[in-house]
Amino acid sequence: MKRSFLMVALLAGLGLAGCSAFTSGDGASDDKVQITYARGTDTTGATDVLVKAFEKEHPDIDVIVREMPSDSGQSHNQYVTMFSGRSPEVDVFDADIVWSAEFGQANYVLPLDRLIERDQINMDAYFPATVEAGRYNGRQYAMPGYADAGLLYYRTDITDQVPETWDELEQLAQENMGKEGAEFGYLMQAAQYEGIVTNAIEYIYSYGGQVLDANGNVVINSPEAIEGLNKMIAIANSDFVPNNVLNFKEIDTESSFNEGNAVYARNWPYMNDTANDEKVSKVAGNVGIATIPAGSDGNASALGGWMRMINRYSDEVEASWTFVKWMSGEQGQKISALEGGKAPTLEALYDDKEITDVSAVLASEDFYNSLQNAIPRPITPIYPEISDIMQIEISRALTGEITAEEAVERMETKMQAALESVNQ
Amino acid sequence: MKQPKKRRFQLNERQLGYAMVAPSIILIAVIIIWPILLSAWNSLFDYRLNDPSKAERITSLSINLETYADNRYLVYDTMEDVRDTMPGAANTLNNVTSALDEQHETLLKTDEGLADRYEEVNTMLENYQPVNDDDLRLTDIPEAWADGFTATLDEQTAAVQALREDAPEGAVQSLTDLESQLSNTKNAVLEPNFVGVQNYTDYLANGRTWTAMLNTLLFTVVTVGVELAVGMLVALLINRVFIGRGLVRAAVLVPWAIPTAVAAMMWTFLFDGQSGIMAYYMAQLGIIDDPGVLLSTGAGGMFSVMFADIWKTTPYMALLLLAGLQTIPRSMYEAAAVDGANKFQQFFSITLPMIRSAILVAVLFRALDAFRVFDLIYVLTGGGPANSTESISVYAYKLLFEQQNFGAGSALSVIVFLSVALLSTIFIKLIGSDLFSGRLKQ
């Protein structure tokens, strides 16, 4: 007891010393504002450059970066815990594109309408879909950060054949595996987490299936969705994917592909950057990109991306807004694109030669088209519940516990019940 | 005559005793009883953080001034936009304005001081400050006003909806916004969301709850059983005198000293189908057909979490048993040896009976711990694959923090608590009496 008291006293002392060191370190800035910016794991180091550039321009604001888990679902839960306790510990944070309805409705984040209006931000300069994603019920809860769309990566030193359909992918992956030390033909994300939903959606929509229609009705139980899901099951259980693909997340895909273990891989645009970085990748220079393979109804890549939100309970709204505004503006987005390979949401930046030069993804027509045809995940304030249902049933279908038909039936029943319980 | 000595205020022995233990009783009440009662109370509401009309526990009809003031501001703001882009709408908009103003006036008259509170909330909103004070934010309202308010807003929303029919393209977005803002304003009225035991009946009828319960029970029985057997062997080993015993004792305790989340992370790498050493050797030894099955099949996932838990907490079990072993006087074994009992006979007739209470305590502790298992499973498998490793605590966590369904999540937490309480009661009733009688005889 005595010891723990001493510890507390000691820690408090250290904390005070830390504070005073911090304030006295910089002579002129007694009113220097400190804000905390939380974001997921950044393997590219772009955040540091971004923050340094911002601090240089705004010497009165100090940005502290806090790293959150790379799994978006786990980050979500930490934010929910923080915000439901009305904690001001994080001021600005990167929000997954599917969170705005939920966070907005729960009043976790500051609606930005008043600030946007005051500072006359031109929201038309952004891709409409990315602005729309931050909007819920007539209010803007987020500023667009960067856009994502699923992409197919392949090894140019092994093959120049790009599969256009899932059937072709199966065939080419089978044929090319084993060459140049590539143990596997194809990598995807199939662990029971958010990534399994984005992957499944790409299969389901490419065969013409849907999850929720425009009116929010559950339409997952369709022959098209079953066909798509069956294709996913076939690929996940084939012998050209790793035997533990049911445990794969983006980061596993990235490390395995960069180790040179696979011919084809599905991942987000960011991987192009690390895959071509000689320091971390054995396949640098041999990476090609293409659109996600098509089903019978064309190709569909899942729309992803991150937005910037401000904690409703933040003590430093003005400084946070300055930071968000800057990050979402031209300078901030350019740094993210050049340093981190993140796709800008400002349309004008795609004409910027500096940006198209640095990244094959951003210069690629394929990527531009993917973004245009990207399909959003179901839009609903109970998205986590819908996602949870999909994660479980799809995971069950992939392990062979249930068939695709049973999976869509179960998803239909559960989603309907979940939506009903909210609309009561 | 001697003056009777004036008695100073003094506690008698009994009162003094209570006074001494009062701090710990208060502590127990604050950190144990209070959260449980709070959870039980929460579980009686349809309490969802992501739904503005259910985001508080409301027992009487109230209004959320923060939502109300904020949306009122926006409604007026958006109406300006509409006025600019659609001059023909002026009439309807004037109607909306006067209807809203009238409702607002009546609201402010319902309670003394409400006007001041509204102003205060409004000022805070203008400065982008959150309104954290519930006394300021929430206020009871009469049912008559709420009914009138809801009706008025429905009426005006319909009027705005009608405007959309022949609106110019530039006005469509603002009209849609206006509609949502009107409905948001309406949602500032909070209806009581007390649902009684409905959360319990819903979730006890839900298959997933029972699967999670069975997973938890299986996990508890297997891990505690194996830990008891292995822990006993380890305890017997380190109870003997041999060279390097100290080192072995310390080494055995290492797994227990590693934080669970870290240990779980470590095991995800060890069980990984590609690079995991454990997975590789298990496949080499023929325990599994293929290194990938550990984390990508239901049975493999369950095996993995159990294995990791056994690895981690066997030392704890061993430690508890070792404490029991050390209380047995050496002379008893010497006497038995003189009588010609072999090692097995000694173990079954001396060791086991003598450490029975230590075994019971160890099993009870571990069983309660295992039943509440959360972090290990959450980090190692996240409940997957195919949801086959989801324990009841993981399910409760998902409801609470992923889906923000606090009512249902609390109901599950209370169910976990009741199960644990039941488990302990059964233990103590069945074998605890044994345990105490053993004590009394000594």
# chains A, B, ... in the order shown; residues from 1 in each chain; ligands from 1
>>> interface_residues(of="chain A", to="chain B", cutoff="6 Å", atoms="only C-alpha atoms", output="list in words")
Asn77, Glu102, Gln105, Ala106, Asn137, Gly138, Gln192, Asn243, Asn244, Leu246, Asn247, Tyr313, Pro384, Glu385, Ile392, Ser395 and Arg396 of chain A
>>> residues_around(residues="Val51 of chain A", least_positions_apart="3", cutoff="9 Å", atoms="only C-alpha atoms", output="PyMOL selection string")
chain A and resi 46-48+54-56+62-65
>>> write_last_selection(atoms="N, CA, C and O atoms", output="short mmCIF file (atom, residue, chain, number, x, y, z; two decimals), in the first residue's frame")
data_model
loop_
_atom_site.label_atom_id
_atom_site.label_comp_id
_atom_site.auth_asym_id
_atom_site.auth_seq_id
_atom_site.Cartn_x
_atom_site.Cartn_y
_atom_site.Cartn_z
N ALA A 46 4.86 8.16 -43.34
CA ALA A 46 4.34 9.42 -43.89
C ALA A 46 3.79 10.34 -42.80
O ALA A 46 3.89 11.56 -42.92
N THR A 47 3.26 9.73 -41.73
CA THR A 47 2.66 10.56 -40.68
C THR A 47 3.68 11.52 -40.07
O THR A 47 3.37 12.68 -39.82
N ASP A 48 4.90 11.02 -39.86
CA ASP A 48 5.92 11.87 -39.26
C ASP A 48 6.21 13.08 -40.14
O ASP A 48 6.29 14.21 -39.65
N PHE A 54 3.34 20.20 -40.83
CA PHE A 54 2.26 21.00 -40.23
C PHE A 54 2.80 21.86 -39.10
O PHE A 54 2.49 23.05 -39.01
N GLU A 55 3.62 21.26 -38.25
CA GLU A 55 4.14 22.01 -37.10
C GLU A 55 5.03 23.17 -37.54
O GLU A 55 5.09 24.20 -36.90
N LYS A 56 5.70 22.97 -38.67
CA LYS A 56 6.55 24.03 -39.19
C LYS A 56 5.68 25.22 -39.60
O LYS A 56 6.03 26.37 -39.39
N ASP A 62 1.29 21.89 -31.34
CA ASP A 62 2.11 20.69 -31.23
C ASP A 62 1.23 19.48 -31.47
O ASP A 62 0.18 19.36 -30.86
N VAL A 63 1.65 18.58 -32.35
CA VAL A 63 0.82 17.41 -32.61
C VAL A 63 1.52 16.17 -32.05
O VAL A 63 2.67 15.90 -32.36
N ILE A 64 0.80 15.48 -31.20
CA ILE A 64 1.33 14.23 -30.66
C ILE A 64 0.62 13.09 -31.38
O ILE A 64 -0.60 13.10 -31.50
N VAL A 65 1.39 12.15 -31.90
CA VAL A 65 0.78 11.07 -32.67
C VAL A 65 0.58 9.86 -31.77
O VAL A 65 1.47 9.49 -31.01
#
>>> atom_distance(atom1="atom CA of Arg372 of chain B", atom2="atom CA of Gly195 of chain A")
27.7 Å
>>> residues_around(residues="Asn94 of chain B", least_positions_apart="3", cutoff="12 Å", atoms="only C-alpha atoms", output="list of chain:residue names")
B:Tyr76, B:Met79, B:Glu80, B:Val82, B:Arg83, B:Pro87, B:Gly88, B:Ala89, B:Ala90, B:Asn91, B:Thr97, B:Ser98, B:Ala99, B:Leu100, B:Asp101, B:Gln156, B:Ala159, B:Val160
>>> select_by_dssp(residues="segment 64-157 of chain A", states="strand (DSSP E or B)", output="MDAnalysis selection string")
chainID A and resid 64:67 92:96 109 126 135:136 139:140 143:149 151:155
>>> residues_around(residues="Arg245 of chain B", least_positions_apart="6", cutoff="12 Å", atoms="only C-alpha atoms", output="PyMOL selection string")
chain B and resi 234-239+251-252
>>> residues_around(residues="segment 357-362 of chain B", least_positions_apart="5", cutoff="7 Å", atoms="only C-alpha atoms", output="list in words")
Met317, Leu320, Leu321, Gly324 and Leu435 of chain B
>>> select_by_dssp(residues="segment 185-380 of chain A", states="alpha helix (DSSP H)", output="count of residues only")
83
>>> atom_distance(atom1="atom CA of Phe406 of chain B", atom2="atom CA of Ile31 of chain B")
19.6 Å
>>> residues_around(residues="Ala421 of chain B", least_positions_apart="6", cutoff="10 Å", atoms="only C-alpha atoms", output="PyMOL selection string")
chain B and resi 368+415+427
>>> residues_around(residues="segment 158-168 of chain A", least_positions_apart="3", cutoff="10 Å", atoms="only C-alpha atoms", output="VMD selection string")
chain A and resid 152 to 155 171 to 174 176 to 182 203 206 228 231 to 232 235 262 to 264 286 to 296 298 to 299
>>> closest_residue(among="A:Asp96, A:Asp366, A:Glu330, A:Asp239", to="Glu175 of chain A", atoms="only C-alpha atoms")
A:Asp239
>>> closest_residue(among="A:Leu303, A:Ala284, A:Met309, A:Ala149", to="Arg39 of chain A", atoms="only C-alpha atoms")
A:Met309
>>> atom_distance(atom1="atom CA of Ser370 of chain A", atom2="atom CA of Ala133 of chain A")
16.8 Å
